[in-house]
Amino acid sequence: MDRWTDFDGRMREIKDLDGILGLLGWDEETYAPRSGRAPRGRHTGTLEAIRHERLSSPALGDVISTLLQDRSLPLERRAMVERVERRRERALRVPATLVKAMAEARSLTLAAWQEAKGSNDFAHLAPKLDRVLELSRERADCVRPLLGPAATRYDALLDDNEPGMTAARLGPLLAKLREFLVPLVARIGARPRPDTSFLRGKRFDPERQWQFTMRLLRDLGFDLDRGRQDRSAHPFTQGISEHDVRVTTRIFEDEPLSAISSTIHEAGHGMYEQGFLPAFHGTSIADAPSAGIHESQSRLWENQVGRSRAFWKRTLPLLKEFFPAELGQIDLEAFYRAVNFVEPGLIRVDADEVTYNLHILVRFELEVALLSGDLAVSDLPGAWNSKMKTYLGVSPKTDSEGCMQDIHWPWGAIGYFPTYTIGNLYSAQLMSAFEREVGGAEASIERGEYGVLLSWLRDKVHHRGWLDTAEETIRRATGSGLDPAPFMAYLEKKFGDLYP
Ligand SMILES: [Zn+2]
């Protein structure tokens, strides 16, 4: 067997295991009975052990090093080998004892988090969170040597989600964004609030909401022959394969905008997963180069498209067909204002486009300090509340609606939050490049011709998968690397008009 055939078979087997694990995860969040939790945990654990064994096999290591020395290896194949090597290096560097300790700490911390959040008792969570941080530092120290001498512990964790990004590069960009956002939020806060009462106190039939979200998925270009939508407590997208991409949404009877925006968001993730070049299917580069790039696709459709006037000009009449009694009398302008209602709040997942990134900044700055030890876990609530007051002008009354609101830290995901903001910045860069290169976004969205934008994204981002790094992908598509300027210009224009 030649070396490439050997490697190709091993790579595809790992990818198959990813797909099966993804399907199990999807099932757990959607249809599996609660009683199946424990055996499901074993199924997953067994498969993960098999995958780890495949990834760390010396035979795979041999074939990778031979292939990497081959200068005639075509670009795509080289990228495939490098992506597998990246995973393999990490699998080998982090000892099994640490992986096991992390999994145990995570499940204990998640349980403590749920209790502590319920009873607003941060002291109950604190020692568990301390342990998660300690293990995260250990993990970072295992991986850090792969990133070069300048890499910090935080860089090592960030690199898991946003390969190539560092805190030294990200910090100043985010600080620039903060200096722009804090006064903008204060300025908007001083303006009169738009009337959103027409959405309140009414019941929007869940079945009709469901049908409307299915219609939206189809219209936007999510391929329902190669995917499906279901319901879950927390919306997510899971690619099982390029021909089977699952998105979920959640429906609240009194909040129709919630299901609409979560469906559009997940459609953005889902269309990306459906868009990898067929030649790459089943390989290590049929994947996103970073969480931020993935998020740029969801945010682009959710916000840049799904909260635009052009989108609602087309979509409101359609929504009225589903809810004639509830929305029949509402005019476009009032609806558009309601969809873009800005208000500093305490909860990240409820935040609007303008305030959202300040929530991320609070978390980024605090997790950097927690990991380095500059901030003790016991001082987290105070530090949290003071940053919320400074950036957003609001103060949580309890830690449950403060530093305990998100699952990320208890779950051991340090270095993940910034990818949400990176996604927002990339999405604005992409829209402004589309406008420069193709133009007429507003007009095509207003006509419901989303395919114009989707084809461009396919060409620039989706097709290539992880052939290039995240920044190379964005640079290729927009002419520059991560840059907050287009996002700031977008907010300035849109919300300057809405809140003159
Ligand atoms: Zn997302």
# chains A, B, ... in the order shown; residues from 1 in each chain; ligands from 1
$ residues_around --residues "range 427-435 of chain A" --least-positions-apart "6" --cutoff "12 Å" --atoms "only C-alpha atoms" --output "PyMOL selection string"
chain A and resi 268+292-305+353+419-421+441-444+452-461+471+473-491
$ residues_around --residues "range 35-41 of chain A" --least-positions-apart "6" --cutoff "10 Å" --atoms "only C-alpha atoms" --output "mmCIF file with C-alpha atoms, in the first residue's frame"
data_model
loop_
_atom_site.group_PDB
_atom_site.id
_atom_site.type_symbol
_atom_site.label_atom_id
_atom_site.label_comp_id
_atom_site.auth_asym_id
_atom_site.auth_seq_id
_atom_site.Cartn_x
_atom_site.Cartn_y
_atom_site.Cartn_z
ATOM 1 C CA LEU A 24 -24.468 10.497 19.621
ATOM 2 C CA GLY A 25 -24.068 14.036 20.949
ATOM 3 C CA ASP A 27 -29.157 12.471 19.959
ATOM 4 C CA GLU A 28 -28.402 13.220 23.596
#
$ select_by_dssp --residues "range 189-415 of chain A" --states "alpha helix (DSSP H)" --output "VMD selection string"
chain A and resid 189 206 to 220 256 to 273 291 to 299 309 to 322 324 to 327 332 to 339 356 to 372 380 to 392
$ residues_around --residues "Glu134 in chain A" --least-positions-apart "5" --cutoff "9 Å" --atoms "only C-alpha atoms" --output "PyMOL selection string"
chain A and resi 129+139+371
$ closest_residue --among "A:Ala369, A:Ile347, A:Glu333, A:Val99" --to "Asp406 in chain A" --atoms "only C-alpha atoms"
A:Ile347
$ closest_residue --among "A:Thr5, A:Thr263, A:Thr213, A:Gln229" --to "ligand 1" --atoms "only C-alpha atoms and all ligand atoms"
A:Thr263
